[in-house]
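Here is the file model_28.cif (mmCIF, C-alpha atoms (C1' of nucleotides)).
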```cif
data_work
#
loop_
_atom_site.label_atom_id
_atom_site.label_comp_id
_atom_site.auth_asym_id
_atom_site.auth_seq_id
_atom_site.Cartn_x
_atom_site.Cartn_y
_atom_site.Cartn_z
CA MET T 1 -4.15 -7.48 -31.64
CA ASN T 2 -1.87 -4.60 -30.69
CA ILE T 3 0.26 -4.57 -27.61
CA GLY T 4 -2.17 -2.39 -25.68
CA ASP T 5 -5.02 -4.85 -26.03
CA VAL T 6 -2.86 -7.79 -25.13
CA SER T 7 -1.52 -5.86 -22.18
CA LYS T 8 -5.01 -5.33 -20.80
CA ARG T 9 -6.11 -8.87 -21.46
CA ALA T 10 -3.03 -10.58 -20.09
CA GLY T 11 -2.61 -8.14 -17.24
CA LEU T 12 1.00 -7.41 -18.16
CA PRO T 13 2.49 -3.97 -18.85
CA PRO T 14 3.47 -3.36 -22.49
CA LYS T 15 7.07 -2.94 -21.38
CA THR T 16 7.03 -6.39 -19.87
CA ILE T 17 5.57 -7.89 -23.00
CA ARG T 18 8.28 -6.28 -25.13
CA TYR T 19 10.81 -7.62 -22.69
CA TYR T 20 9.35 -11.11 -23.01
CA GLU T 21 9.72 -10.81 -26.74
CA ASP T 22 13.32 -9.68 -26.28
CA ILE T 23 14.18 -12.77 -24.31
CA GLY T 24 12.32 -15.01 -26.72
CA LEU T 25 9.33 -16.05 -24.64
CA VAL T 26 6.90 -14.89 -27.28
CA THR T 27 7.30 -13.94 -30.95
CA PRO T 28 4.44 -11.84 -32.26
CA LEU T 29 4.15 -11.02 -35.95
CA ARG T 30 4.57 -7.49 -37.27
CA ASP T 31 2.08 -5.34 -39.11
CA PRO T 32 3.33 -3.37 -42.12
CA ASN T 33 3.52 -0.28 -39.90
CA GLY T 34 5.94 -2.04 -37.57
CA TYR T 35 3.43 -2.59 -34.81
CA ARG T 36 3.50 -5.94 -33.08
CA SER T 37 0.60 -8.14 -34.08
CA PHE T 38 -0.34 -10.74 -31.49
CA ARG T 39 -2.17 -13.89 -32.50
CA GLY T 40 -4.45 -15.83 -30.22
CA SER T 41 -1.60 -18.20 -29.43
CA ASP T 42 0.62 -15.30 -28.38
CA MET T 43 -2.14 -13.99 -26.20
CA HIS T 44 -2.48 -17.42 -24.61
CA LYS T 45 1.20 -17.64 -23.94
CA LEU T 46 1.25 -14.24 -22.30
CA ALA T 47 -1.69 -15.09 -20.09
CA PHE T 48 0.10 -18.28 -19.15
CA LEU T 49 3.23 -16.34 -18.35
CA SER T 50 1.31 -13.83 -16.32
CA ARG T 51 -0.13 -16.59 -14.15
CA ALA T 52 3.09 -18.53 -13.83
CA ARG T 53 4.96 -15.37 -12.83
CA ALA T 54 2.23 -14.54 -10.33
CA LEU T 55 2.92 -17.91 -8.75
CA GLY T 56 6.54 -16.88 -8.45
CA PHE T 57 8.04 -19.15 -11.11
CA THR T 58 11.29 -17.78 -12.49
CA ILE T 59 11.54 -16.79 -16.12
CA GLU T 60 13.59 -19.89 -16.75
CA ASP T 61 10.90 -22.03 -15.11
CA CYS T 62 8.37 -20.30 -17.30
CA ARG T 63 10.40 -21.04 -20.37
CA ASN T 64 10.47 -24.71 -19.43
CA LEU T 65 6.79 -24.78 -18.53
CA LEU T 66 5.90 -23.19 -21.86
CA ALA T 67 7.97 -25.80 -23.67
CA LEU T 68 6.16 -28.57 -21.81
CA TRP T 69 2.88 -26.88 -22.50
CA ASP T 70 3.67 -26.92 -26.21
CA ASP T 71 4.80 -30.51 -26.10
CA LYS T 72 1.74 -32.68 -26.32
CA ASP T 73 3.83 -35.74 -25.52
CA ARG T 74 5.20 -34.36 -22.28
CA ALA T 75 5.17 -36.41 -19.10
CA SER T 76 3.19 -34.72 -16.39
CA ALA T 77 5.97 -35.76 -14.04
CA ASP T 78 8.24 -33.19 -15.69
CA VAL T 79 5.77 -30.43 -14.99
CA GLN T 80 5.25 -31.66 -11.48
CA ALA T 81 8.98 -31.72 -10.85
CA ILE T 82 9.30 -28.04 -11.70
CA ALA T 83 6.36 -27.17 -9.51
CA LYS T 84 7.63 -29.28 -6.64
CA GLU T 85 11.05 -27.74 -6.75
CA HIS T 86 9.50 -24.31 -6.79
CA LEU T 87 7.23 -25.19 -3.91
CA THR T 88 10.24 -26.27 -1.87
CA GLN T 89 11.86 -22.92 -2.45
CA ILE T 90 8.69 -21.07 -1.54
CA GLU T 91 8.50 -23.01 1.68
CA SER T 92 12.05 -22.24 2.58
CA LYS T 93 11.46 -18.57 1.87
CA ILE T 94 8.40 -18.60 4.10
CA ALA T 95 10.41 -20.19 6.87
CA ASP T 96 13.13 -17.55 6.55
CA LEU T 97 10.61 -14.75 6.62
CA GLN T 98 8.87 -16.23 9.62
CA ASP T 99 12.15 -16.28 11.50
CA ILE T 100 12.67 -12.66 10.62
CA ARG T 101 9.14 -11.79 11.60
CA LYS T 102 9.60 -13.40 14.96
CA THR T 103 12.76 -11.47 15.71
CA LEU T 104 11.32 -8.24 14.37
CA THR T 105 8.04 -8.55 16.25
CA HIS T 106 9.95 -9.12 19.43
CA LEU T 107 12.17 -6.12 18.83
CA VAL T 108 9.33 -3.78 17.93
CA LYS T 109 7.53 -4.80 21.07
CA GLU T 110 10.59 -4.26 23.26
CA CYS T 111 11.18 -0.77 21.98
CA ALA T 112 9.43 1.99 23.88
CA GLY T 113 8.92 3.99 20.71
CA ASP T 114 8.99 7.34 22.40
CA ASP T 115 11.36 10.30 22.27
CA ARG T 116 14.00 8.75 24.46
CA PRO T 117 17.11 7.54 22.69
CA ASP T 118 17.59 4.13 24.23
CA CYS T 119 16.41 1.48 21.85
CA PRO T 120 16.65 -2.32 22.07
CA ILE T 121 16.39 -2.54 18.29
CA LEU T 122 19.66 -0.73 17.80
CA GLN T 123 21.20 -2.57 20.71
CA THR T 124 20.35 -5.86 19.13
CA LEU T 125 21.70 -4.89 15.75
CA GLU T 126 24.81 -3.75 17.53
CA ASN T 127 25.22 -7.03 19.28
CA ILE T 128 23.02 -9.88 18.24
CA SER T 129 24.11 -11.99 21.21
CA LYS T 130 21.29 -10.37 23.16
CA GLN T 131 18.96 -12.07 20.67
CA MET A 1 42.53 -4.33 10.14
CA ASN A 2 42.59 -5.39 6.52
CA ILE A 3 39.51 -6.28 4.56
CA GLY A 4 40.05 -10.01 4.97
CA ASP A 5 39.96 -9.85 8.75
CA VAL A 6 36.92 -7.61 8.75
CA SER A 7 35.27 -9.91 6.28
CA LYS A 8 35.69 -12.89 8.59
CA ARG A 9 34.63 -11.02 11.68
CA ALA A 10 31.59 -9.32 10.19
CA GLY A 11 30.61 -12.30 8.12
CA LEU A 12 30.49 -10.28 4.91
CA PRO A 13 32.38 -11.05 1.69
CA PRO A 14 35.16 -8.58 0.86
CA LYS A 15 33.32 -7.64 -2.32
CA THR A 16 30.30 -6.65 -0.31
CA ILE A 17 32.39 -4.55 2.03
CA ARG A 18 33.98 -2.73 -0.90
CA TYR A 19 30.51 -2.20 -2.29
CA TYR A 20 29.36 -0.76 1.02
CA GLU A 21 32.25 1.65 0.86
CA ASP A 22 31.29 2.57 -2.70
CA ILE A 23 27.81 3.51 -1.64
CA GLY A 24 29.05 5.37 1.39
CA LEU A 25 27.91 3.12 4.20
CA VAL A 26 31.39 2.85 5.61
CA THR A 27 34.58 4.85 5.05
CA PRO A 28 37.70 3.00 6.12
CA LEU A 29 41.06 4.74 6.16
CA ARG A 30 43.86 3.78 3.81
CA ASP A 31 47.29 2.47 4.61
CA PRO A 32 50.24 3.90 2.68
CA ASN A 33 50.16 0.83 0.45
CA GLY A 34 46.59 1.59 -0.57
CA TYR A 35 45.04 -1.18 1.49
CA ARG A 36 41.85 -0.33 3.34
CA SER A 37 42.42 0.08 7.05
CA PHE A 38 39.33 -0.58 9.14
CA ARG A 39 39.02 0.92 12.60
CA GLY A 40 36.97 -0.60 15.38
CA SER A 41 34.13 1.72 14.51
CA ASP A 42 34.14 0.55 10.90
CA MET A 43 34.12 -3.01 12.08
CA HIS A 44 31.14 -2.25 14.31
CA LYS A 45 29.24 -0.63 11.49
CA LEU A 46 29.83 -3.60 9.22
CA ALA A 47 28.66 -6.05 11.87
CA PHE A 48 25.61 -3.86 12.34
CA LEU A 49 24.99 -3.88 8.62
CA SER A 50 25.45 -7.60 8.42
CA ARG A 51 22.75 -8.14 11.02
CA ALA A 52 20.36 -5.56 9.67
CA ARG A 53 20.68 -7.04 6.18
CA ALA A 54 20.12 -10.52 7.60
CA LEU A 55 16.85 -9.22 8.99
CA GLY A 56 15.95 -8.11 5.50
CA PHE A 57 16.27 -4.36 5.93
CA THR A 58 16.99 -2.62 2.64
CA ILE A 59 20.22 -0.75 2.16
CA GLU A 60 18.32 2.50 2.51
CA ASP A 61 16.81 1.31 5.79
CA CYS A 62 20.31 0.39 6.90
CA ARG A 63 21.57 3.81 6.02
CA ASN A 64 18.83 5.36 8.13
CA LEU A 65 19.35 2.95 10.98
CA LEU A 66 23.06 3.68 10.98
CA ALA A 67 22.33 7.39 11.11
CA LEU A 68 20.02 6.88 14.07
CA TRP A 69 22.58 4.64 15.68
CA ASP A 70 25.14 7.43 15.40
CA ASP A 71 22.72 10.01 16.71
CA LYS A 72 22.79 9.80 20.46
CA ASP A 73 19.80 12.18 20.62
CA ARG A 74 17.59 10.01 18.45
CA ALA A 75 14.05 9.17 19.46
CA SER A 76 13.57 5.44 19.75
CA ALA A 77 10.23 6.01 18.00
CA ASP A 78 12.13 6.75 14.79
CA VAL A 79 13.91 3.44 14.96
CA GLN A 80 10.73 1.66 15.83
CA ALA A 81 8.94 3.24 12.88
CA ILE A 82 11.47 1.83 10.44
CA ALA A 83 11.26 -1.60 12.03
CA LYS A 84 7.47 -1.53 12.09
CA GLU A 85 7.24 -0.57 8.47
CA HIS A 86 9.65 -3.33 7.58
CA LEU A 87 7.71 -5.81 9.66
CA THR A 88 4.55 -4.89 7.82
CA GLN A 89 6.22 -5.61 4.53
CA ILE A 90 7.58 -8.91 5.78
CA GLU A 91 4.12 -9.91 6.89
CA SER A 92 2.62 -9.03 3.57
CA LYS A 93 5.32 -11.02 1.81
CA ILE A 94 4.61 -14.00 4.03
CA ALA A 95 0.93 -13.75 3.23
CA ASP A 96 1.66 -13.62 -0.51
CA LEU A 97 3.93 -16.62 -0.29
CA GLN A 98 1.42 -18.56 1.74
CA ASP A 99 -1.19 -17.95 -0.94
CA ILE A 100 1.21 -19.19 -3.52
CA ARG A 101 2.11 -22.19 -1.43
CA LYS A 102 -1.52 -23.10 -1.05
CA THR A 103 -2.17 -22.97 -4.78
CA LEU A 104 1.04 -24.78 -5.57
CA THR A 105 0.53 -27.51 -3.01
CA HIS A 106 -2.90 -28.12 -4.41
CA LEU A 107 -1.61 -28.28 -7.96
CA VAL A 108 1.25 -30.60 -7.16
CA LYS A 109 -1.14 -32.92 -5.39
CA GLU A 110 -3.61 -32.92 -8.26
CA CYS A 111 -0.99 -33.79 -10.82
CA ALA A 112 -0.45 -37.49 -11.38
CA GLY A 113 3.26 -36.98 -11.94
CA ASP A 114 3.64 -39.92 -14.28
CA ASP A 115 4.45 -40.26 -17.97
CA ARG A 116 1.04 -39.28 -19.21
CA PRO A 117 0.75 -35.81 -20.71
CA ASP A 118 -2.40 -34.52 -19.04
CA CYS A 119 -1.50 -32.17 -16.26
CA PRO A 120 -3.72 -30.00 -14.09
CA ILE A 121 -0.80 -27.69 -13.42
CA LEU A 122 -0.57 -26.67 -17.05
CA GLN A 123 -4.32 -26.56 -17.33
CA THR A 124 -4.52 -24.16 -14.44
CA LEU A 125 -1.82 -21.91 -15.80
CA GLU A 126 -3.67 -21.97 -19.08
CA ASN A 127 -6.88 -20.92 -17.48
CA ILE A 128 -6.78 -19.84 -13.90
CA SER A 129 -10.56 -19.88 -13.62
CA LYS A 130 -10.23 -23.47 -12.49
CA GLN A 131 -8.35 -22.05 -9.48
"C1'" DG J 1 67.76 -12.06 -4.45
"C1'" DA J 2 64.20 -14.84 -6.75
"C1'" DT J 3 59.88 -16.70 -6.45
"C1'" DA J 4 55.49 -18.55 -5.02
"C1'" DG J 5 51.20 -17.84 -2.95
"C1'" DA J 6 48.01 -15.41 -0.40
"C1'" DG J 7 46.55 -11.32 0.32
"C1'" DG J 8 45.21 -6.61 -1.55
"C1'" DT J 9 43.72 -2.97 -5.45
"C1'" DT J 10 40.80 -1.12 -9.51
"C1'" DC J 11 37.49 -1.38 -13.06
"C1'" DC J 12 34.09 -3.39 -15.99
"C1'" DA J 13 30.36 -6.58 -16.83
"C1'" DG J 14 26.53 -9.19 -15.52
"C1'" DC J 15 22.68 -11.47 -12.72
"C1'" DA J 16 16.82 -11.09 -12.35
"C1'" DG J 17 13.10 -8.99 -14.08
"C1'" DG J 18 11.84 -5.55 -15.35
"C1'" DT J 19 10.86 0.09 -15.35
"C1'" DG J 20 11.49 5.06 -16.88
"C1'" DG J 21 12.27 8.27 -20.22
"C1'" DA J 22 13.62 10.38 -24.61
"C1'" DA J 23 12.94 10.81 -29.46
"C1'" DG J 24 10.32 9.74 -32.93
"C1'" DG J 25 6.54 7.26 -36.20
"C1'" DT J 26 1.31 6.30 -36.84
"C1'" DC J 27 -3.51 6.42 -36.55
"C1'" DA J 28 -8.38 8.03 -35.72
"C1'" DA J 29 -11.31 11.85 -34.45
"C1'" DG J 30 -12.78 16.43 -34.80
"C1'" DC H 1 -4.51 19.79 -40.09
"C1'" DT H 2 -3.80 19.25 -35.60
"C1'" DT H 3 -4.33 16.88 -31.26
"C1'" DG H 4 -3.78 13.01 -28.46
"C1'" DA H 5 -3.40 8.28 -27.86
"C1'" DC H 6 -0.96 4.75 -29.32
"C1'" DC H 7 3.15 2.49 -31.16
"C1'" DT H 8 8.37 2.01 -32.11
"C1'" DT H 9 13.49 1.74 -30.60
"C1'" DC H 10 17.21 2.47 -27.59
"C1'" DC H 11 19.63 3.41 -23.52
"C1'" DA H 12 19.92 3.93 -18.66
"C1'" DC H 13 18.63 2.63 -14.16
"C1'" DC H 14 16.81 -0.09 -10.20
"C1'" DT H 15 18.62 -3.68 -5.85
"C1'" DG H 16 22.40 -5.80 -3.90
"C1'" DC H 17 25.65 -7.68 -4.92
"C1'" DT H 18 29.10 -11.16 -7.61
"C1'" DG H 19 32.71 -12.72 -11.07
"C1'" DG H 20 36.66 -11.93 -13.47
"C1'" DA H 21 40.70 -9.64 -15.45
"C1'" DA H 22 44.82 -7.23 -14.73
"C1'" DC H 23 47.73 -5.70 -11.62
"C1'" DC H 24 50.19 -4.52 -6.90
"C1'" DT H 25 52.06 -6.02 -2.16
"C1'" DC H 26 53.37 -8.68 1.58
"C1'" DT H 27 55.45 -12.79 3.73
"C1'" DA H 28 57.87 -17.05 3.65
"C1'" DT H 29 60.99 -20.06 1.75
"C1'" DC H 30 64.94 -21.47 -0.99
#
```

Output the file's structure as structure tokens, nothing else.
Amino acid sequence: MNIGDVSKRAGLPPKTIRYYEDIGLVTPLRDPNGYRSFRGSDMHKLAFLSRARALGFTIEDCRNLLALWDDKDRASADVQAIAKEHLTQIESKIADLQDIRKTLTHLVKECAGDDRPDCPILQTLENISKQ
Amino acid sequence: MNIGDVSKRAGLPPKTIRYYEDIGLVTPLRDPNGYRSFRGSDMHKLAFLSRARALGFTIEDCRNLLALWDDKDRASADVQAIAKEHLTQIESKIADLQDIRKTLTHLVKECAGDDRPDCPILQTLENISKQ
DNA sequence: GATAGAGGTTCCAGCAGGTGGAAGGTCAAG
DNA sequence: CTTGACCTTCCACCTGCTGGAACCTCTATC
């Protein structure tokens, strides 16, 4: 399979796939014309990567997950540990964003949003003490 | 004021402040010895930036907010528009992360997390159809 | 006056995770 | 035999800093 086909099937841009090859996540063969030639296993890996990335795993996490995936003697605890750690980070990000949302919602509501210059949003950024 | 003082007061690392000067967000004077010399207004801008960044505004948003802040004839609607747009993006990010959290929580729960190799996390990444 | 240490300066490189574009090779259809 | 879609490489750029090297400057102490 050429990169275009794999791209469509895995849902990853060709550029991204080349990048993944660059950083050693996948190693397709080469046709005599120099084109990358992806085997079924490469395709599988890329689909795996696509999903793992969509779940927000870092590239390094993905590298580790792929290694565990390849290792038929893995302990599921190792996989779970990566996922748990990631979940913790997701949760902390959500909490941060919710804080921001709260503040922002409040500010947007306070602001008249007309053609007058006085604006509680700017006032708050000027001096957060007002909360 | 030297960069160290400003750094402490604004809660921004010196490196960040130099970077903000680089990209034209702030333009401190210079002492004869070459040291940056921050006026009260510079200090204010940096504190403003620190807060706006903490609320997740992009640097470009910050640039625009600073311009509006400087413009005493601004319409508060312009400020509000930036904040609203940002809020929308925050909300969409929260929604994305909540989706991810849901999937991840489910996966972590499903996985035995022991020394056996079978792992629903890997299975799902292999074939998302299982959801 | 020497020296140590805590500031300050510049510049260059690198992080994550790609993306855009230029310059060129290749293939299938008409 | 040309057109257009694909492929290749390489290099630069994005966001928002951060680390480090090499060097200058100020203040305090001996």

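On the file presented, the PyMOL selection byres ((chain J and resi 17-24) around 9) picks out T:Lys15, T:Thr16, T:Tyr19, T:Ile59, J:DA16, J:DG25, H:DT8, H:DT9, H:DA12, H:DC13, H:DC14.
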
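The gap separating CA of Arg36 in chain A from CA of Ser7 in chain A is 12.0 Å, in Å to one decimal.
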
task: Compile the contact shell of range 45-52 of chain A as a PyMOL selection string: residues with an atom at most 9 Å away, counting all atoms listed in the file, same-chain residues fewer than 5 positions apart removed.
output: (chain T and resi 122+124-128) or (chain A and resi 6-7+9-12+17+20+25-26+40+57-59+61-63+65-66)

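Taking CA of Gly56 in chain T and CA of Glu91 in chain A as the two end points, the separation is 17.0 Å.
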
task: For chain T, work out the contacting residues on chain A at 8 Å, counting all atoms listed in the file, and write them as a ChimeraX atom specification.
output: /A:44,47-49,51-52,55-56,65,69,72-81,83-84,87,90-91,94,97-98,100-101,104-105,108,111-119,121-122,125-128

Take the selection from the previous step and output its residues with C-alpha atoms, as a PDB file, in the coordinates of the input.
```pdb
ATOM      1  CA  HIS A  44      31.140  -2.250  14.310  1.00  0.00           C
ATOM      2  CA  ALA A  47      28.660  -6.050  11.870  1.00  0.00           C
ATOM      3  CA  PHE A  48      25.610  -3.860  12.340  1.00  0.00           C
ATOM      4  CA  LEU A  49      24.990  -3.880   8.620  1.00  0.00           C
ATOM      5  CA  ARG A  51      22.750  -8.140  11.020  1.00  0.00           C
ATOM      6  CA  ALA A  52      20.360  -5.560   9.670  1.00  0.00           C
ATOM      7  CA  LEU A  55      16.850  -9.220   8.990  1.00  0.00           C
ATOM      8  CA  GLY A  56      15.950  -8.110   5.500  1.00  0.00           C
ATOM      9  CA  LEU A  65      19.350   2.950  10.980  1.00  0.00           C
ATOM     10  CA  TRP A  69      22.580   4.640  15.680  1.00  0.00           C
ATOM     11  CA  LYS A  72      22.790   9.800  20.460  1.00  0.00           C
ATOM     12  CA  ASP A  73      19.800  12.180  20.620  1.00  0.00           C
ATOM     13  CA  ARG A  74      17.590  10.010  18.450  1.00  0.00           C
ATOM     14  CA  ALA A  75      14.050   9.170  19.460  1.00  0.00           C
ATOM     15  CA  SER A  76      13.570   5.440  19.750  1.00  0.00           C
ATOM     16  CA  ALA A  77      10.230   6.010  18.000  1.00  0.00           C
ATOM     17  CA  ASP A  78      12.130   6.750  14.790  1.00  0.00           C
ATOM     18  CA  VAL A  79      13.910   3.440  14.960  1.00  0.00           C
ATOM     19  CA  GLN A  80      10.730   1.660  15.830  1.00  0.00           C
ATOM     20  CA  ALA A  81       8.940   3.240  12.880  1.00  0.00           C
ATOM     21  CA  ALA A  83      11.260  -1.600  12.030  1.00  0.00           C
ATOM     22  CA  LYS A  84       7.470  -1.530  12.090  1.00  0.00           C
ATOM     23  CA  LEU A  87       7.710  -5.810   9.660  1.00  0.00           C
ATOM     24  CA  ILE A  90       7.580  -8.910   5.780  1.00  0.00           C
ATOM     25  CA  GLU A  91       4.120  -9.910   6.890  1.00  0.00           C
ATOM     26  CA  ILE A  94       4.610 -14.000   4.030  1.00  0.00           C
ATOM     27  CA  LEU A  97       3.930 -16.620  -0.290  1.00  0.00           C
ATOM     28  CA  GLN A  98       1.420 -18.560   1.740  1.00  0.00           C
ATOM     29  CA  ILE A 100       1.210 -19.190  -3.520  1.00  0.00           C
ATOM     30  CA  ARG A 101       2.110 -22.190  -1.430  1.00  0.00           C
ATOM     31  CA  LEU A 104       1.040 -24.780  -5.570  1.00  0.00           C
ATOM     32  CA  THR A 105       0.530 -27.510  -3.010  1.00  0.00           C
ATOM     33  CA  VAL A 108       1.250 -30.600  -7.160  1.00  0.00           C
ATOM     34  CA  CYS A 111      -0.990 -33.790 -10.820  1.00  0.00           C
ATOM     35  CA  ALA A 112      -0.450 -37.490 -11.380  1.00  0.00           C
ATOM     36  CA  GLY A 113       3.260 -36.980 -11.940  1.00  0.00           C
ATOM     37  CA  ASP A 114       3.640 -39.920 -14.280  1.00  0.00           C
ATOM     38  CA  ASP A 115       4.450 -40.260 -17.970  1.00  0.00           C
ATOM     39  CA  ARG A 116       1.040 -39.280 -19.210  1.00  0.00           C
ATOM     40  CA  PRO A 117       0.750 -35.810 -20.710  1.00  0.00           C
ATOM     41  CA  ASP A 118      -2.400 -34.520 -19.040  1.00  0.00           C
ATOM     42  CA  CYS A 119      -1.500 -32.170 -16.260  1.00  0.00           C
ATOM     43  CA  ILE A 121      -0.800 -27.690 -13.420  1.00  0.00           C
ATOM     44  CA  LEU A 122      -0.570 -26.670 -17.050  1.00  0.00           C
ATOM     45  CA  LEU A 125      -1.820 -21.910 -15.800  1.00  0.00           C
ATOM     46  CA  GLU A 126      -3.670 -21.970 -19.080  1.00  0.00           C
ATOM     47  CA  ASN A 127      -6.880 -20.920 -17.480  1.00  0.00           C
ATOM     48  CA  ILE A 128      -6.780 -19.840 -13.900  1.00  0.00           C
TER      49      ILE A 128
END
```

List the spatial neighbours of DG7 in chain J as a short mmCIF file (atom, residue, chain, number, x, y, z; two decimals) with C-alpha atoms (C1' of nucleotides), keeping the file's coordinate frame - criterion: any atom at most 12 Å away, all atoms listed in the file, same-chain residues fewer than 3 positions off excluded.
```cif
data_model
loop_
_atom_site.label_atom_id
_atom_site.label_comp_id
_atom_site.auth_asym_id
_atom_site.auth_seq_id
_atom_site.Cartn_x
_atom_site.Cartn_y
_atom_site.Cartn_z
CA ASN A 2 42.59 -5.39 6.52
CA ILE A 3 39.51 -6.28 4.56
CA GLY A 4 40.05 -10.01 4.97
CA ASP A 5 39.96 -9.85 8.75
CA PRO A 14 35.16 -8.58 0.86
CA TYR A 35 45.04 -1.18 1.49
"C1'" DC H 24 50.19 -4.52 -6.90
"C1'" DT H 25 52.06 -6.02 -2.16
"C1'" DC H 26 53.37 -8.68 1.58
"C1'" DT H 27 55.45 -12.79 3.73
#
```

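Atom pair CA of Arg39 in chain T / C1' of DA28 in chain J: separated by 23.0 Å.
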
message: For the PyMOL selection byres ((chain J) within 12 of (chain A)), applied here, can you spell out every residue it catches as a PyMOL selection string?
response: chain J and resi 6-10

- request: I need the residue set behind the PyMOL selection byres ((chain H) within 9 of (chain A)) for this file; please write it as number ranges by chain.
  value: H: 15-18, 25

Listed atoms of range 52-56 of chain T boxed along x, y and z, 5 Å each side, centre and edge lengths in Å, one decimal, as lines of an AutoDock Vina configuration file:
```
center_x = 4.4
center_y = -16.5
center_z = -11.1
size_x = 14.3
size_y = 14.0
size_z = 15.4
```

Would you kindly place N, CA, C and O atoms on range 1-14 of chain T and return the model as a tab-separated table (two decimals), keeping the file's coordinate frame?
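Printed below is selection28.tsv as written:
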```tsv
chain	number	residue	atom	x	y	z
T	1	MET	N	-4.04	-8.32	-32.83
T	1	MET	CA	-4.15	-7.48	-31.64
T	1	MET	C	-2.88	-6.68	-31.40
T	1	MET	O	-1.78	-7.23	-31.51
T	2	ASN	N	-3.03	-5.43	-31.04
T	2	ASN	CA	-1.87	-4.60	-30.69
T	2	ASN	C	-1.45	-4.84	-29.25
T	2	ASN	O	-2.17	-5.46	-28.46
T	3	ILE	N	-0.30	-4.29	-28.92
T	3	ILE	CA	0.26	-4.57	-27.61
T	3	ILE	C	-0.63	-4.08	-26.48
T	3	ILE	O	-0.69	-4.68	-25.41
T	4	GLY	N	-1.31	-2.97	-26.71
T	4	GLY	CA	-2.17	-2.39	-25.68
T	4	GLY	C	-3.30	-3.33	-25.29
T	4	GLY	O	-3.59	-3.51	-24.10
T	5	ASP	N	-3.92	-3.91	-26.28
T	5	ASP	CA	-5.02	-4.85	-26.03
T	5	ASP	C	-4.52	-6.06	-25.26
T	5	ASP	O	-5.10	-6.49	-24.27
T	6	VAL	N	-3.42	-6.61	-25.76
T	6	VAL	CA	-2.86	-7.79	-25.13
T	6	VAL	C	-2.48	-7.48	-23.68
T	6	VAL	O	-2.70	-8.28	-22.77
T	7	SER	N	-1.91	-6.30	-23.51
T	7	SER	CA	-1.52	-5.86	-22.18
T	7	SER	C	-2.70	-5.91	-21.22
T	7	SER	O	-2.60	-6.46	-20.13
T	8	LYS	N	-3.82	-5.33	-21.65
T	8	LYS	CA	-5.01	-5.33	-20.80
T	8	LYS	C	-5.50	-6.75	-20.54
T	8	LYS	O	-5.80	-7.11	-19.41
T	9	ARG	N	-5.55	-7.53	-21.60
T	9	ARG	CA	-6.11	-8.87	-21.46
T	9	ARG	C	-5.23	-9.81	-20.63
T	9	ARG	O	-5.74	-10.64	-19.88
T	10	ALA	N	-3.92	-9.67	-20.83
T	10	ALA	CA	-3.03	-10.58	-20.09
T	10	ALA	C	-2.69	-10.03	-18.71
T	10	ALA	O	-2.18	-10.74	-17.86
T	11	GLY	N	-2.96	-8.74	-18.52
T	11	GLY	CA	-2.61	-8.14	-17.24
T	11	GLY	C	-1.12	-7.95	-17.08
T	11	GLY	O	-0.57	-8.05	-15.98
T	12	LEU	N	-0.45	-7.66	-18.19
T	12	LEU	CA	1.00	-7.41	-18.16
T	12	LEU	C	1.26	-6.05	-18.79
T	12	LEU	O	0.66	-5.74	-19.82
T	13	PRO	N	2.15	-5.25	-18.24
T	13	PRO	CA	2.49	-3.97	-18.85
T	13	PRO	C	3.11	-4.18	-20.22
T	13	PRO	O	3.84	-5.17	-20.42
T	14	PRO	N	2.88	-3.26	-21.15
T	14	PRO	CA	3.47	-3.36	-22.49
T	14	PRO	C	4.99	-3.54	-22.42
T	14	PRO	O	5.55	-4.35	-23.17
```
